[in-house]
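Worksheet: one structure, shown below.
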There are 2 protein chains.
Amino acid sequence: MAEEKVEFLKGTLDMLILKVVALGPIHGYALAQRIQQISRDFFQLQQGSLYPALHRLEDRGWLKAEWKATETGREAKFYALTPRGRKQLEVEVKSWEQLTDAVRLILRTAD
Amino acid sequence: MAEEKVEFLKGTLDMLILKVVALGPIHGYALAQRIQQISRDFFQLQQGSLYPALHRLEDRGWLKAEWKATETGREAKFYALTPRGRKQLEVEVKSWEQLTDAVRLILRTAD
DNA sequence: GCCTTATCTGTAGATATTCTAGGTGTTCTT
DNA sequence: AAGAACACCTAGAATATCTACAGATAAGGC
């Protein structure tokens with residue numbers, strides 16, 4: 001009956017991925033760990049959310065993928081930001097800020 | 001082809017409704033206007049989002065509805081917050097703050 | 001009196017995102 | 001030899017939101 005379905009991401013996933021990839025090319029598995037680490041364990045990204053999101057962003061031309069070897073010598077798919085991806089990141093950050101500003105206005109109404 | 005689908009609410013709608021209803025019983029139509037007004041026109045709540053949301057919140061026992069007359073003498077369905085709804089509002093505000101804190105951590109990473 | 005706008009409620013169907021729950025294979029550690 | 005960690009993936013369900021309708025009443029302009 002678990003009504004306890006927590007939805008963490010609230011549509012922020014694309015922006016978060018773009019932001020972290022913007023720090024430098026990274027593969028999916030490491031990306032998920034990085035997001036978890038930076039957010040102090042708040043975001044625990046599921047693979048069923050992660051990989052479809054990466055493919056989505058690639059399809060839209062915001063990320064570019066390339067198979068390369070990791071430091072430990074394994075093959076992994078590294079994602080890098082495209083120029084369009086960088087613009088998209090800006091757009092998403094801006095609209096996220098507008099959203100949080102608007103929410104703040106509502107939450108702060110004393111009456 | 002319009003890729004320009006804007007999704008404003010990002011899962012905040014329930015919280016916003018609970019918050020505004022907490023200011024005092026209000027009917028749906030006025031609620032939508034109030035949210036738009038307080039948010040300085042950022043949120044322009046569609047009826048197809050509004051009414052299903054109200055029914056959802058009522059089903060979950062967070063709102064209680066009652067038909068009453070408006071100031072202008074028309075019948076409208078006024079929603080009021082239940083005690084459980086008040087608790088839920090607190091929960092949602094808290095988790096919203098956690099979310100925005102976590103997002104902030106990601107967005108602020110210089111490297 | 002008529003017409004348009006504003007008020008007030010609602011539903012159906014499409015779309016998009018995220019989660020659960022699986023699956024595959026490789027390398028490292030014990 | 002076994003299990004954990006690494007690294008990728010998909011299918012299907014659940015949920016939220018939007019578009020696009022539909023209907024009814026009241027108010028205001030002409």
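Ligands are numbered from 1 in the order shown, residues from 1 within each chain, and chains are lettered A, B, ... in the order they appear in the structure tokens.
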
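Within 9 Å of chain D, and counting only C-alpha atoms (C1' of nucleotides), chain B contributes Lys5, Glu7, Phe8, Leu9, Lys10, Gly11, Gln46, Gly48, Ser49 and Arg74 of chain B.
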
Just-selected residues, C-alpha atoms written as a short mmCIF file (atom, residue, chain, number, x, y, z; two decimals), in the first residue's frame:
data_model
loop_
_atom_site.label_atom_id
_atom_site.label_comp_id
_atom_site.auth_asym_id
_atom_site.auth_seq_id
_atom_site.Cartn_x
_atom_site.Cartn_y
_atom_site.Cartn_z
CA LYS B 5 6.49 22.70 -24.08
CA GLU B 7 6.41 22.73 -17.70
CA PHE B 8 6.01 25.22 -14.98
CA LEU B 9 4.91 23.36 -11.98
CA LYS B 10 7.49 20.66 -11.51
CA GLY B 11 5.53 18.86 -8.85
CA GLN B 46 -4.61 25.60 -16.33
CA GLY B 48 -6.92 20.82 -16.64
CA SER B 49 -4.27 20.94 -13.94
CA ARG B 74 -22.85 32.41 -7.02
#

For chain B, report every residue with an atom at most 9 Å from chain C (counting only C-alpha atoms (C1' of nucleotides)), formatted as a CSV table (one decimal) with N, CA and C atoms, in the first residue's frame.
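The file below, result-v5.csv, is the result:
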chain,number,residue,atom,x,y,z
B,27,HIS,N,-12.4,28.9,-3.3
B,27,HIS,CA,-12.8,28.0,-4.4
B,27,HIS,C,-11.8,28.0,-5.5
B,28,GLY,N,-12.0,27.0,-6.3
B,28,GLY,CA,-10.9,26.7,-7.3
B,28,GLY,C,-10.6,27.8,-8.2
B,29,TYR,N,-11.6,28.4,-8.8
B,29,TYR,CA,-11.4,29.5,-9.7
B,29,TYR,C,-10.6,30.7,-9.1
B,47,GLN,N,-6.9,24.9,-16.1
B,47,GLN,CA,-8.0,24.2,-15.5
B,47,GLN,C,-7.8,22.7,-15.5
B,48,GLY,N,-7.2,22.3,-16.6
B,48,GLY,CA,-6.9,20.8,-16.6
B,48,GLY,C,-5.9,20.4,-15.6
B,51,TYR,N,-8.3,21.4,-11.5
B,51,TYR,CA,-9.4,20.7,-10.9
B,51,TYR,C,-9.0,19.2,-10.6
B,52,PRO,N,-8.3,18.5,-11.5
B,52,PRO,CA,-7.8,17.2,-11.1
B,52,PRO,C,-7.0,17.3,-9.8
B,74,ARG,N,-22.9,33.6,-6.2
B,74,ARG,CA,-22.8,32.4,-7.0
B,74,ARG,C,-22.4,31.2,-6.2
B,75,GLU,N,-22.9,30.0,-6.6
B,75,GLU,CA,-22.5,28.8,-5.9
B,75,GLU,C,-21.1,28.4,-6.4
B,76,ALA,N,-20.2,28.1,-5.4
B,76,ALA,CA,-18.9,27.6,-5.8
B,76,ALA,C,-18.4,26.6,-4.7
B,77,LYS,N,-17.5,25.8,-5.1
B,77,LYS,CA,-17.0,24.8,-4.2
B,77,LYS,C,-15.8,25.3,-3.4

Item checked: Option closest in space to A:Arg108, from B:Asp14, B:Lys19, B:Lys94, B:Leu54 [counting only C-alpha atoms] ->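 Among B:Asp14, B:Lys19, B:Lys94, B:Leu54, it is B:Lys19 that comes nearest to A:Arg108.
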
Next item on the list: Residues of chain B near chain A: apply a cut-off of 9 Å, count only C-alpha atoms, and supply the list as a ChimeraX atom specification.
Entry: /B:7-12,15-16,19-20,23,35,38-43,93,95,98-107,109-111

Generate the output file for the selected residues, C-alpha atoms, as a compact mmCIF listing (two decimals), in the first residue's frame.
# COMPACT_ATOMS: atom_id res chain seq x y z
CA GLU B 7 6.41 22.73 -17.70
CA PHE B 8 6.01 25.22 -14.98
CA LEU B 9 4.91 23.36 -11.98
CA LYS B 10 7.49 20.66 -11.51
CA GLY B 11 5.53 18.86 -8.85
CA THR B 12 4.98 21.93 -6.73
CA MET B 15 2.17 22.35 -2.10
CA LEU B 16 1.12 25.64 -3.66
CA LYS B 19 -0.37 26.81 1.05
CA VAL B 20 -2.92 29.14 -0.49
CA LEU B 23 -4.71 31.26 4.08
CA ILE B 35 -1.71 31.81 -7.27
CA ILE B 38 0.93 36.18 -5.80
CA SER B 39 3.48 34.69 -8.18
CA ARG B 40 3.35 37.85 -10.27
CA ASP B 41 1.93 35.99 -13.25
CA PHE B 42 4.59 33.30 -13.26
CA PHE B 43 2.11 30.53 -12.55
CA VAL B 93 7.56 22.56 2.32
CA SER B 95 11.04 18.43 1.29
CA GLN B 98 15.70 19.97 0.89
CA LEU B 99 15.33 19.65 -2.85
CA THR B 100 16.28 23.24 -3.56
CA ASP B 101 19.23 22.97 -1.16
CA ALA B 102 20.45 19.89 -2.98
CA VAL B 103 20.01 21.50 -6.38
CA ARG B 104 21.87 24.53 -5.13
CA LEU B 105 24.79 22.35 -4.13
CA ILE B 106 25.00 21.00 -7.67
CA LEU B 107 24.56 24.33 -9.39
CA THR B 109 29.92 23.48 -7.83
CA ALA B 110 32.69 25.43 -9.49
CA ASP B 111 34.56 22.18 -10.02

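Interatomic distance, atom CA of A:Gln44 against atom CA of A:Gly73: 25.8 Å.
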
Item checked: DSSP alpha helix (DSSP H) residues within chain B, as a count of residues only -> 59

Item checked: Using only C-alpha atoms: which of A:Ile26, A:Ala53, A:Leu45, A:Glu90 has the shortest distance to A:Trp67 -> A:Ile26

Margin query: Just the number, please: distance in Å from atom CA of A:Lys64 to atom CA of A:Gly85, one decimal.
Written below: 9.2 Å
